[in-house]
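Participant: I'd like to ask you about the structure that follows.
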Amino acid sequence: MALALVLNQPRNDPEVYVLKKLTIALSLSIAGSFAHAHSPDPAKWESVEAEARGQTVYFNAWGGAENINSYLEWVGEELRDCCDIKLVHVKLDDTANAVAKVVAERAAGRDEGGSVDLIWINGENFASMKERGLLLEKGWAEKLPNWAYVDVENKPTVLNDFTTPVEGQAAPWGMAKLVFFHDSARIQENALPSSAEELLEWAQANPGRFSYPSPPDFIGSSFLKQVLIETVGDAAVLQQPADEADFETVSAPLFDYLDQLHRVAWREGRAFPQNYPAMKQLLADGELEIIFAFNPSEASNAIANFELPDTVRSFTFEEGTLGNTHFVAIPYNASAKAGALVTANFLMSPEAQLRKQDPEVWGDPTVLGMDKLPEPLQTGFGALDLGIATLAPEELGPVLEEPHPSWMERVEEAWKRRYTVGN
Amino acid sequence: MFRLTYLGPALAVLLLAGPVGFGLAGTVLPAFGISPGFGGGSFGLHYFRELFAQPALFCSITLSLTSGLASAVLSLLIVMLFTAAFAGTATFRRMQHLLGPLLSLPHAAAALAIAFLVAPSGMIMRLISPELTGWERPPDLLIVHDPLALSMIGALVAKEVPFLLLMTLAALPQAPVERVRQLTGALGYGRVAGFIHGAWPGIYRQIRLPVFAVIAFASSNVEVALILGPTQPQTLAARLVTWMSDPDLSQRYLASAGALLQLGVTGLAFAIWLGLERLCAALRNKAACGGLRMRRDRAVQVVSLTAMILAAGAIFAGLAALAVWSFAGLWQFPDFLPGSFTLRNWMKALPRVVEPLGTTLTIGVASAFIAAILSVLCFVHEDRTGKRAGRGGQALIYLPLIVPQVTFIFGLQFLLVASGWLATLPALLFAHLVFVMPYAYLCLKDPWRSFDRRYEQVAAGLGKSPMTTLFRIRLPMMLRPLLVLFAIGFSVSVGLYLPTVLIGAGRLTTITSEAVALASGGNRRIIGVYAFFQMLLPVAGFAIATLVPALIFRRFRGMQV
């Protein structure tokens, strides 16, 4: 273990301190491990597969849902059998934690042998990692063998994530769309709101029966974005970074809306569910009447698991709801890059995507284009019973584009300042 | 080789003071912008300025302070009144047996149990609805996560009462309770008043450090705060952990500054407690001098027993509810029992339990084992030199329990990240050992010192070496307390949350860290499965500690209890 104490003398800084900067570099680096980082080339797929054999891949993915966890277990078994890869699901409660690990490792000078091999990611986390150069070099995802099946033409969010060009630095894994659920045994279908405005009116008529997970939870933040898009007037401004607009003015209608909503929300807005599964439990208990998720088949899945009664149904807003793609990405300092590439490719494979879309398993919509698949696989997707509470793809309504990630950061910050109240 | 016993105290001191010292350094430096191995940051107080600019920070501080003090006051009060009213009775012994298992239950499991009981859709509401309340749906009441932290304080009290009672129990033999009772009774004092005037001051002096440990834990705990504590805002410690895991590096400096603040808040709680001690002593003196005899204290006795039963009963009932949830099919409000039962939850969860269970067992057994060896070495050394640990030594043993966990675990994490040891088994084992060691030492202290040394003198007289005496006489005869030490050390390790989360960094998980992570998702069925294991592991440890000596000593009448 080498302990180096480096004292940097103050330079021409106006602030006078005896020690401007004291950097203690505590490093347990094996001497001479500064060999240049080696990355496998996905274009030479056989060599990648050969290199991946025997590797352990630490897949950092949100671990709050049982169905997703068990799907990843299946993935792990498949990868073990086909490719001799050990997949370890590092269960996160917030993807930002995995980003934090990579950031910390880079700051500590660990440019190789990092603890994160693969991250389930999109939105501001992807934008921030891409911008800081924490991802494996561009283009790898588009060189994966299964990229050929990806529906690039009809699913534009596969190439542009929250206005950030993906540029092959992340492999698409699944599609998401904001969908609302209600219990048809308790609410009539014609009473359902069809826009954010109507939702507020509905909440005012049914006090204490609606809420959303507190940001920075992914689903909660998505709800804020949905309201932001609906209240902003001209949504084009949201496609630009928030710094280039007048944030206060643009977000004012959103916070007016939330102020009104909280007055009639569950627990009067003094507490919020922590995430989607918590909302699901509250719907089952009858505490909430309307909840929402980012996966159209969540409700069918929950019915299959006895978590929701079989009277739960889905609906969306007439003018559209938020939609996006979620990806897997590889950090620049991953220990098992080849293993991570093989895993990413497997996650995109028709076989894995078909199983993922099965509501009995997870029900996450595929990123693949049906017309690109060979005949038997198309039939497989066609034969999936999406479940009683799932809307057919054509019933899901228009997709609203995600705002630039900077909006989310600003909105979350403003939300925290406004509603983390002291008495 | 026998001379090597000095390694015991040396290693123990290193183990107890080292992590706290280095950890605190690893927290203090970043708080002032100095960052070991991280680059970035510049020296100054700006992270403290940023800290105090956080929304509702003072609200978080107040919450930590009041909930810490309130749970200490309440649990100590319950224990004091109960001991005063029932010490030496059959009720006391029964309660002691009832509360024993609760001591080993992880805080997180206790908090989950309480949450399932008192939530608007919890078991109590289901029991009385709709018959008594008319509610077909759960009421919109903020009970769990209430802004005054009442449910959190309740859970902490329920968990700390068994701890303080056990500590009091250990102190009781040194206090002449029975003689004091006869004397004060003859002078016309009531049972409770006589005990408080005569016996309590001596007992309190002995359990003072445990009380401080309770204050430190209650004012800085993370897991109970996450499960039951207020959310808008959270307590200081819970917010610290959020900042610590923020992708923005500068938030870590903020968290370090916050951890120092936490140290200050806990320190302030100690200071207030010292004031309270003086106030109470003065009040008691006034009452004693004024001849306040409280002859009719039946009501106090009943209240103390009720509080005791409530504390234990709430946790047991909550755990039972959790067990039912783990087998539940669809279970809607206000049904008291699930509509159907299924093994599906267990089938789904079991494969996933295996890995955290393995880590829990490995770390728990290894840390308890090492702690046992170190404690024995310490005491053998003490016997050899005839020197006992002084007040400073005593305080040192309590150090990891009295310094809030967040404040030095943060720093340890910083150091471990920089050295590349984060999320390795040795690092996690080390972090657990820091907390297991004090309990192991305290556990062995009294049995070791009260051992009848004539056995050893006889052995020496027969020409046996100290080594032989130790291994052939002393340790076999002390099997029972050694196994109890082992069981307690193991259960402490099973229950540790914050060290596991921060040092295991998500790659090494235990049953407890998984259970708290799942608590946020509210999937009661799966939480039920994990809570079952949280309960099972310590109980299994204690079962072994009871059964093994009974088996081995079944032919030795003198060794039976």
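Going through the structure tokens in order, the chains are called A, B, and so on, while each chain numbers its residues from 1 and the ligands are numbered from 1 in the order shown.
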For stretch 361-374 of chain A, work out the shell of residues within 9 Å, counting only C-alpha atoms and skipping chain neighbours fewer than 2 positions away, then give it as number ranges by chain.
Facilitator: A: 67-68, 70-71, 147-155, 158, 172-176, 295-298, 300-301, 325, 348-350, 353-359, 376-378, 381, 386
Participant: Include C-alpha atoms and write out the residues we just selected as a tab-separated table (two decimals), in the first residue's frame.
Facilitator:
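Result file is selection31.tsv:
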```tsv
chain	number	residue	atom	x	y	z
A	67	ASN	CA	-40.71	-9.84	-11.31
A	68	ILE	CA	-37.74	-7.98	-12.76
A	70	SER	CA	-36.57	-13.06	-11.20
A	71	TYR	CA	-36.33	-12.25	-14.92
A	147	TRP	CA	-28.77	-4.81	-33.22
A	148	ALA	CA	-30.08	-5.94	-36.63
A	149	TYR	CA	-33.49	-6.69	-35.07
A	150	VAL	CA	-33.91	-3.34	-33.29
A	151	ASP	CA	-36.83	-1.25	-34.54
A	152	VAL	CA	-34.84	1.91	-35.28
A	153	GLU	CA	-37.41	3.24	-37.76
A	154	ASN	CA	-40.56	3.22	-35.63
A	155	LYS	CA	-39.05	3.69	-32.20
A	158	VAL	CA	-33.97	4.02	-29.32
A	172	PRO	CA	-31.76	-0.56	-25.95
A	173	TRP	CA	-33.42	-3.01	-23.61
A	174	GLY	CA	-37.09	-2.11	-23.34
A	175	MET	CA	-39.76	0.45	-24.10
A	176	ALA	CA	-41.72	2.37	-21.52
A	295	ASN	CA	-44.81	-0.28	-18.06
A	296	PRO	CA	-48.17	-0.93	-19.73
A	297	SER	CA	-48.41	-4.49	-18.45
A	298	GLU	CA	-47.52	-3.81	-14.81
A	300	SER	CA	-51.63	-7.56	-15.50
A	301	ASN	CA	-48.42	-8.76	-13.96
A	325	THR	CA	-36.62	3.67	-24.01
A	348	MET	CA	-31.52	-7.62	-26.94
A	349	SER	CA	-31.98	-11.11	-28.39
A	350	PRO	CA	-35.47	-12.04	-29.67
A	353	GLN	CA	-37.10	-9.93	-25.43
A	354	LEU	CA	-39.99	-12.34	-25.99
A	355	ARG	CA	-39.74	-13.67	-22.47
A	356	LYS	CA	-39.46	-10.15	-21.10
A	357	GLN	CA	-42.68	-9.06	-22.83
A	358	ASP	CA	-44.63	-11.97	-21.36
A	359	PRO	CA	-46.76	-10.42	-18.58
A	376	PRO	CA	-41.46	-18.22	-36.03
A	377	LEU	CA	-40.40	-15.50	-33.61
A	378	GLN	CA	-43.01	-13.09	-34.97
A	381	PHE	CA	-44.69	-12.31	-30.03
A	386	LEU	CA	-50.73	-9.47	-22.79
```
Participant: Please list as an NGL selection string every residue within 9 Å of A:Val227, counting only C-alpha atoms and excluding residues in the same chain fewer than 5 positions away.
Facilitator: :A and (195-197 or 222 or 232 or 254 or 257-258)
Participant: Would you mind listing what lies within 6 Å of stretch 261-269 of chain B as JSON, numbers by chain, with only C-alpha atoms counted and same-chain residues fewer than 3 positions away left out?
Facilitator: {"B": [216, 258, 272]}
Participant: Restricting the output to N, CA and C atoms, write the selected residues as a PDB file, in the first residue's frame.
Facilitator:
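Result written to part_0.pdb:
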```pdb
ATOM      1  N   ALA B 216     -27.271   7.513  21.510  1.00  0.00           N
ATOM      2  CA  ALA B 216     -26.494   7.635  20.279  1.00  0.00           C
ATOM      3  C   ALA B 216     -27.189   6.924  19.132  1.00  0.00           C
ATOM      4  N   GLY B 258     -22.307  16.905   6.963  1.00  0.00           N
ATOM      5  CA  GLY B 258     -23.514  16.526   7.689  1.00  0.00           C
ATOM      6  C   GLY B 258     -23.220  15.502   8.769  1.00  0.00           C
ATOM      7  N   ILE B 272     -27.696  17.438  26.860  1.00  0.00           N
ATOM      8  CA  ILE B 272     -29.031  17.619  27.424  1.00  0.00           C
ATOM      9  C   ILE B 272     -29.324  16.506  28.430  1.00  0.00           C
TER      10      ILE B 272
END
```
Participant: So that I can see what lies close to A:Asn69, please list as a VMD selection string the residues with an atom at most 10 Å from it, counting only C-alpha atoms and leaving out residues fewer than 2 positions away in the same chain.
Facilitator: (chain A and resid 61 to 67 71 to 75 89 91 362) or (chain B and resid 348 to 349 352)
Participant: Suppose we keep N, CA and C atoms; can you now write the selection as a short mmCIF file (atom, residue, chain, number, x, y, z; two decimals), in the first residue's frame?
Facilitator:
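Below is the file that was written, again-v1.cif:
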```cif
data_model
loop_
_atom_site.label_atom_id
_atom_site.label_comp_id
_atom_site.auth_asym_id
_atom_site.auth_seq_id
_atom_site.Cartn_x
_atom_site.Cartn_y
_atom_site.Cartn_z
N ALA A 61 -28.66 -2.82 -11.47
CA ALA A 61 -30.00 -2.52 -11.96
C ALA A 61 -30.94 -2.35 -10.79
N TRP A 62 -31.89 -1.46 -10.96
CA TRP A 62 -32.89 -1.22 -9.92
C TRP A 62 -33.46 -2.55 -9.49
N GLY A 63 -33.52 -2.79 -8.16
CA GLY A 63 -33.91 -4.11 -7.68
C GLY A 63 -35.19 -4.11 -6.87
N GLY A 64 -36.04 -3.13 -7.10
CA GLY A 64 -37.22 -2.97 -6.24
C GLY A 64 -38.44 -3.78 -6.67
N ALA A 65 -38.34 -4.52 -7.79
CA ALA A 65 -39.52 -5.26 -8.24
C ALA A 65 -39.16 -6.73 -8.39
N GLU A 66 -39.97 -7.57 -7.77
CA GLU A 66 -39.68 -9.00 -7.74
C GLU A 66 -39.66 -9.62 -9.12
N ASN A 67 -40.63 -9.20 -9.99
CA ASN A 67 -40.71 -9.84 -11.31
C ASN A 67 -39.45 -9.55 -12.13
N TYR A 71 -36.70 -12.20 -13.50
CA TYR A 71 -36.33 -12.25 -14.92
C TYR A 71 -34.81 -12.23 -15.05
N LEU A 72 -34.16 -11.37 -14.29
CA LEU A 72 -32.71 -11.28 -14.37
C LEU A 72 -32.04 -12.56 -13.89
N GLU A 73 -32.72 -13.25 -12.97
CA GLU A 73 -32.18 -14.54 -12.57
C GLU A 73 -32.19 -15.53 -13.72
N TRP A 74 -33.29 -15.49 -14.48
CA TRP A 74 -33.37 -16.36 -15.67
C TRP A 74 -32.25 -15.99 -16.64
N VAL A 75 -32.06 -14.67 -16.85
CA VAL A 75 -30.98 -14.22 -17.74
C VAL A 75 -29.65 -14.79 -17.26
N HIS A 89 -26.64 -9.68 -10.12
CA HIS A 89 -27.53 -8.52 -10.13
C HIS A 89 -27.29 -7.70 -8.85
N LYS A 91 -28.55 -5.07 -6.75
CA LYS A 91 -29.86 -4.44 -6.68
C LYS A 91 -29.76 -3.02 -6.14
N TRP A 362 -42.58 -10.49 -16.93
CA TRP A 362 -42.33 -9.09 -16.60
C TRP A 362 -43.32 -8.20 -17.36
N LYS B 348 -40.69 -17.96 -4.77
CA LYS B 348 -40.03 -16.90 -5.53
C LYS B 348 -38.85 -16.32 -4.77
N ALA B 349 -39.04 -16.16 -3.46
CA ALA B 349 -38.03 -15.43 -2.70
C ALA B 349 -36.85 -16.32 -2.30
N ARG B 352 -33.54 -16.35 -4.02
CA ARG B 352 -32.85 -15.06 -3.91
C ARG B 352 -32.30 -14.81 -2.52
#
```
Participant: Using only C-alpha atoms, which of A:Asp217, A:Asp246, A:Glu105, A:Asp111 sits nearest chain B?
Facilitator: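 Nearest candidate to chain B out of A:Asp217, A:Asp246, A:Glu105, A:Asp111: A:Glu105.
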Participant: Looking only at the backbone, which of the residues in stretch 169-306 of chain A does DSSP tag as helix (DSSP H, G or I), as number ranges by chain?
Facilitator: A: 189-191, 196-205, 218-231, 235-239, 242-244, 247-264, 266-269, 276-285, 298-304
Participant: Store the residues of this selection in a file with C-alpha atoms, as a PDB file, in the first residue's frame.
Facilitator:
```pdb
ATOM      1  CA  GLU A 189     -64.778   3.992 -16.697  1.00  0.00           C
ATOM      2  CA  ASN A 190     -66.559   7.171 -17.798  1.00  0.00           C
ATOM      3  CA  ALA A 191     -65.405   8.954 -14.624  1.00  0.00           C
ATOM      4  CA  ALA A 196     -53.598  16.173 -16.234  1.00  0.00           C
ATOM      5  CA  GLU A 197     -56.200  18.906 -15.799  1.00  0.00           C
ATOM      6  CA  GLU A 198     -59.013  16.376 -15.476  1.00  0.00           C
ATOM      7  CA  LEU A 199     -56.903  14.332 -13.104  1.00  0.00           C
ATOM      8  CA  LEU A 200     -56.674  17.340 -10.799  1.00  0.00           C
ATOM      9  CA  GLU A 201     -60.447  17.804 -10.973  1.00  0.00           C
ATOM     10  CA  TRP A 202     -60.918  14.129 -10.228  1.00  0.00           C
ATOM     11  CA  ALA A 203     -58.562  14.362  -7.243  1.00  0.00           C
ATOM     12  CA  GLN A 204     -60.485  17.359  -5.940  1.00  0.00           C
ATOM     13  CA  ALA A 205     -63.681  15.350  -6.160  1.00  0.00           C
ATOM     14  CA  PHE A 218     -38.087   7.669 -11.493  1.00  0.00           C
ATOM     15  CA  ILE A 219     -41.852   7.174 -11.718  1.00  0.00           C
ATOM     16  CA  GLY A 220     -42.581  10.222  -9.580  1.00  0.00           C
ATOM     17  CA  SER A 221     -40.310  12.404 -11.675  1.00  0.00           C
ATOM     18  CA  SER A 222     -41.988  11.074 -14.810  1.00  0.00           C
ATOM     19  CA  PHE A 223     -45.351  12.189 -13.488  1.00  0.00           C
ATOM     20  CA  LEU A 224     -43.946  15.684 -12.924  1.00  0.00           C
ATOM     21  CA  LYS A 225     -42.683  15.692 -16.516  1.00  0.00           C
ATOM     22  CA  GLN A 226     -46.089  14.628 -17.818  1.00  0.00           C
ATOM     23  CA  VAL A 227     -47.708  17.531 -15.981  1.00  0.00           C
ATOM     24  CA  LEU A 228     -44.922  19.883 -17.076  1.00  0.00           C
ATOM     25  CA  ILE A 229     -45.461  18.994 -20.731  1.00  0.00           C
ATOM     26  CA  GLU A 230     -49.217  19.408 -20.426  1.00  0.00           C
ATOM     27  CA  THR A 231     -49.081  22.725 -18.596  1.00  0.00           C
ATOM     28  CA  ALA A 235     -43.576  22.015 -25.347  1.00  0.00           C
ATOM     29  CA  ALA A 236     -40.772  22.846 -27.801  1.00  0.00           C
ATOM     30  CA  VAL A 237     -38.976  24.827 -25.096  1.00  0.00           C
ATOM     31  CA  LEU A 238     -38.525  21.597 -23.133  1.00  0.00           C
ATOM     32  CA  GLN A 239     -36.411  20.076 -25.911  1.00  0.00           C
ATOM     33  CA  ALA A 242     -33.372  24.304 -19.136  1.00  0.00           C
ATOM     34  CA  ASP A 243     -30.642  26.932 -18.756  1.00  0.00           C
ATOM     35  CA  GLU A 244     -31.601  28.400 -22.089  1.00  0.00           C
ATOM     36  CA  PHE A 247     -37.094  28.119 -15.719  1.00  0.00           C
ATOM     37  CA  GLU A 248     -39.238  30.012 -13.229  1.00  0.00           C
ATOM     38  CA  THR A 249     -41.802  31.086 -15.802  1.00  0.00           C
ATOM     39  CA  VAL A 250     -41.885  27.788 -17.645  1.00  0.00           C
ATOM     40  CA  SER A 251     -42.296  25.716 -14.491  1.00  0.00           C
ATOM     41  CA  ALA A 252     -44.710  28.069 -12.707  1.00  0.00           C
ATOM     42  CA  PRO A 253     -47.871  26.338 -14.034  1.00  0.00           C
ATOM     43  CA  LEU A 254     -46.453  22.964 -12.941  1.00  0.00           C
ATOM     44  CA  PHE A 255     -45.973  24.096  -9.359  1.00  0.00           C
ATOM     45  CA  ASP A 256     -49.365  25.830  -9.289  1.00  0.00           C
ATOM     46  CA  TYR A 257     -50.801  22.516 -10.348  1.00  0.00           C
ATOM     47  CA  LEU A 258     -48.885  20.613  -7.664  1.00  0.00           C
ATOM     48  CA  ASP A 259     -49.870  23.114  -4.972  1.00  0.00           C
ATOM     49  CA  GLN A 260     -53.513  22.473  -5.794  1.00  0.00           C
ATOM     50  CA  LEU A 261     -53.008  18.744  -6.122  1.00  0.00           C
ATOM     51  CA  HIS A 262     -51.216  18.351  -2.780  1.00  0.00           C
ATOM     52  CA  ARG A 263     -54.117  19.959  -0.957  1.00  0.00           C
ATOM     53  CA  VAL A 264     -56.328  17.052  -2.016  1.00  0.00           C
ATOM     54  CA  TRP A 266     -53.133  11.248  -0.216  1.00  0.00           C
ATOM     55  CA  ARG A 267     -52.016  12.302   3.295  1.00  0.00           C
ATOM     56  CA  GLU A 268     -52.580  15.900   2.104  1.00  0.00           C
ATOM     57  CA  GLY A 269     -49.189  15.809   0.409  1.00  0.00           C
ATOM     58  CA  TYR A 276     -44.250   2.371  -7.829  1.00  0.00           C
ATOM     59  CA  PRO A 277     -44.463  -0.903  -5.854  1.00  0.00           C
ATOM     60  CA  ALA A 278     -45.513   1.109  -2.804  1.00  0.00           C
ATOM     61  CA  MET A 279     -48.285   2.742  -4.879  1.00  0.00           C
ATOM     62  CA  LYS A 280     -49.343  -0.685  -6.097  1.00  0.00           C
ATOM     63  CA  GLN A 281     -49.760  -1.881  -2.513  1.00  0.00           C
ATOM     64  CA  LEU A 282     -51.770   1.248  -1.739  1.00  0.00           C
ATOM     65  CA  LEU A 283     -54.071   0.564  -4.698  1.00  0.00           C
ATOM     66  CA  ALA A 284     -54.544  -2.994  -3.449  1.00  0.00           C
ATOM     67  CA  ASP A 285     -55.370  -1.689   0.031  1.00  0.00           C
ATOM     68  CA  GLU A 298     -47.524  -3.806 -14.811  1.00  0.00           C
ATOM     69  CA  ALA A 299     -51.141  -4.220 -13.715  1.00  0.00           C
ATOM     70  CA  SER A 300     -51.635  -7.561 -15.504  1.00  0.00           C
ATOM     71  CA  ASN A 301     -48.419  -8.758 -13.961  1.00  0.00           C
ATOM     72  CA  ALA A 302     -49.528  -7.706 -10.483  1.00  0.00           C
ATOM     73  CA  ILE A 303     -52.868  -9.479 -10.958  1.00  0.00           C
ATOM     74  CA  ALA A 304     -51.011 -12.658 -11.867  1.00  0.00           C
TER      75      ALA A 304
END
```
Participant: Please list as a list in words every residue within 12 Å of A:Pro145, counting only C-alpha atoms and excluding residues in the same chain fewer than 5 positions away.
Facilitator: Pro42, Ala43, Lys44, Trp45, Glu46, Val48, Glu49, Trp140, Val150, Ala171, Leu341, Val342, Thr343, Ala344, Asn345, Phe346, Leu347, Met348, Ser349 and Pro350 of chain A
Participant: Write out, as a PDB file, in the first residue's frame, the residues just selected, with N, CA and C atoms.
Facilitator:
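again-v3.pdb was written with the following content:
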```
ATOM      1  N   PRO A  42     -16.551  -5.295 -30.476  1.00  0.00           N
ATOM      2  CA  PRO A  42     -17.763  -6.064 -30.746  1.00  0.00           C
ATOM      3  C   PRO A  42     -17.902  -6.462 -32.215  1.00  0.00           C
ATOM      4  N   ALA A  43     -17.130  -5.815 -33.090  1.00  0.00           N
ATOM      5  CA  ALA A  43     -17.215  -6.209 -34.497  1.00  0.00           C
ATOM      6  C   ALA A  43     -16.640  -7.621 -34.678  1.00  0.00           C
ATOM      7  N   LYS A  44     -15.658  -7.951 -33.837  1.00  0.00           N
ATOM      8  CA  LYS A  44     -15.107  -9.321 -33.885  1.00  0.00           C
ATOM      9  C   LYS A  44     -15.791 -10.136 -32.799  1.00  0.00           C
ATOM     10  N   TRP A  45     -17.006 -10.552 -33.104  1.00  0.00           N
ATOM     11  CA  TRP A  45     -17.874 -11.079 -32.058  1.00  0.00           C
ATOM     12  C   TRP A  45     -17.339 -12.371 -31.440  1.00  0.00           C
ATOM     13  N   GLU A  46     -16.728 -13.224 -32.276  1.00  0.00           N
ATOM     14  CA  GLU A  46     -16.269 -14.496 -31.720  1.00  0.00           C
ATOM     15  C   GLU A  46     -15.194 -14.294 -30.641  1.00  0.00           C
ATOM     16  N   VAL A  48     -14.918 -11.694 -28.795  1.00  0.00           N
ATOM     17  CA  VAL A  48     -15.582 -11.154 -27.601  1.00  0.00           C
ATOM     18  C   VAL A  48     -16.168 -12.298 -26.778  1.00  0.00           C
ATOM     19  N   GLU A  49     -16.856 -13.205 -27.466  1.00  0.00           N
ATOM     20  CA  GLU A  49     -17.486 -14.324 -26.753  1.00  0.00           C
ATOM     21  C   GLU A  49     -16.435 -15.190 -26.058  1.00  0.00           C
ATOM     22  N   TRP A 140     -20.501   0.902 -29.821  1.00  0.00           N
ATOM     23  CA  TRP A 140     -20.454  -0.539 -29.560  1.00  0.00           C
ATOM     24  C   TRP A 140     -21.815  -1.212 -29.693  1.00  0.00           C
ATOM     25  N   VAL A 150     -33.348  -4.471 -34.028  1.00  0.00           N
ATOM     26  CA  VAL A 150     -33.914  -3.343 -33.292  1.00  0.00           C
ATOM     27  C   VAL A 150     -34.735  -2.453 -34.223  1.00  0.00           C
ATOM     28  N   ALA A 171     -27.147   0.010 -25.149  1.00  0.00           N
ATOM     29  CA  ALA A 171     -27.949  -0.918 -25.940  1.00  0.00           C
ATOM     30  C   ALA A 171     -29.388  -0.868 -25.460  1.00  0.00           C
ATOM     31  N   LEU A 341     -20.645  -7.012 -22.814  1.00  0.00           N
ATOM     32  CA  LEU A 341     -21.109  -6.929 -24.204  1.00  0.00           C
ATOM     33  C   LEU A 341     -21.993  -8.132 -24.535  1.00  0.00           C
ATOM     34  N   VAL A 342     -21.547  -9.315 -24.131  1.00  0.00           N
ATOM     35  CA  VAL A 342     -22.328 -10.518 -24.415  1.00  0.00           C
ATOM     36  C   VAL A 342     -23.678 -10.435 -23.696  1.00  0.00           C
ATOM     37  N   THR A 343     -23.656  -9.931 -22.450  1.00  0.00           N
ATOM     38  CA  THR A 343     -24.912  -9.787 -21.703  1.00  0.00           C
ATOM     39  C   THR A 343     -25.851  -8.809 -22.405  1.00  0.00           C
ATOM     40  N   ALA A 344     -25.318  -7.647 -22.821  1.00  0.00           N
ATOM     41  CA  ALA A 344     -26.139  -6.647 -23.498  1.00  0.00           C
ATOM     42  C   ALA A 344     -26.736  -7.242 -24.766  1.00  0.00           C
ATOM     43  N   ASN A 345     -25.934  -7.990 -25.493  1.00  0.00           N
ATOM     44  CA  ASN A 345     -26.418  -8.604 -26.731  1.00  0.00           C
ATOM     45  C   ASN A 345     -27.511  -9.625 -26.434  1.00  0.00           C
ATOM     46  N   PHE A 346     -27.314 -10.394 -25.364  1.00  0.00           N
ATOM     47  CA  PHE A 346     -28.322 -11.388 -25.016  1.00  0.00           C
ATOM     48  C   PHE A 346     -29.636 -10.719 -24.612  1.00  0.00           C
ATOM     49  N   LEU A 347     -29.534  -9.611 -23.856  1.00  0.00           N
ATOM     50  CA  LEU A 347     -30.747  -8.918 -23.407  1.00  0.00           C
ATOM     51  C   LEU A 347     -31.553  -8.420 -24.601  1.00  0.00           C
ATOM     52  N   MET A 348     -30.862  -8.112 -25.733  1.00  0.00           N
ATOM     53  CA  MET A 348     -31.524  -7.622 -26.938  1.00  0.00           C
ATOM     54  C   MET A 348     -32.001  -8.756 -27.833  1.00  0.00           C
ATOM     55  N   SER A 349     -31.656  -9.994 -27.501  1.00  0.00           N
ATOM     56  CA  SER A 349     -31.978 -11.105 -28.391  1.00  0.00           C
ATOM     57  C   SER A 349     -33.488 -11.330 -28.430  1.00  0.00           C
ATOM     58  N   PRO A 350     -34.024 -11.790 -29.563  1.00  0.00           N
ATOM     59  CA  PRO A 350     -35.467 -12.042 -29.672  1.00  0.00           C
ATOM     60  C   PRO A 350     -35.963 -12.954 -28.560  1.00  0.00           C
TER      61      PRO A 350
END
```
Participant: Would you list the contacts of B:Val406 as a PyMOL selection string, taking every protein, DNA or RNA residue within 7 Å and counting only C-alpha atoms, but skipping same-chain residues closer than 4 positions in sequence?
Facilitator: chain B and resi 237+259+410
Participant: Once you have the residues from the selection above, write them out as an mmCIF file, in the first residue's frame, restricted to C-alpha atoms.
Facilitator:
```cif
data_model
loop_
_atom_site.group_PDB
_atom_site.id
_atom_site.type_symbol
_atom_site.label_atom_id
_atom_site.label_comp_id
_atom_site.auth_asym_id
_atom_site.auth_seq_id
_atom_site.Cartn_x
_atom_site.Cartn_y
_atom_site.Cartn_z
ATOM 1 C CA ALA B 237 -28.992 10.559 9.521
ATOM 2 C CA ALA B 259 -21.939 13.578 9.478
ATOM 3 C CA PHE B 410 -18.698 7.329 6.095
#
```
Participant: Which value, in Å to one decimal, gives the distance between atom CA of B:Thr360 and atom CA of B:Ala225?
Facilitator: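 Between these atoms lies a distance of 22.5 Å.
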Participant: Near stretch 311-323 of chain B, within 6 Å and counting only C-alpha atoms, which residues show up once chain neighbours fewer than 4 positions away are dropped, as an MDAnalysis selection string?
Facilitator: chainID B and resid 110 113:114 116:117 158 528
Participant: Using only C-alpha atoms, find the one residue out of B:Ala218, B:Leu396, B:Ile402, B:Leu148 that sits nearest to chain A.
Facilitator: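 Closest to chain A of all the choices is B:Leu148.
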Participant: How would you write, as a ChimeraX atom specification, the set of residues in stretch 51-207 of chain A that DSSP gives as strand (DSSP E or B)?
Facilitator: /A:56-62,86-92,114,118-121,135,150,160-161,164-165,171-177,179-183
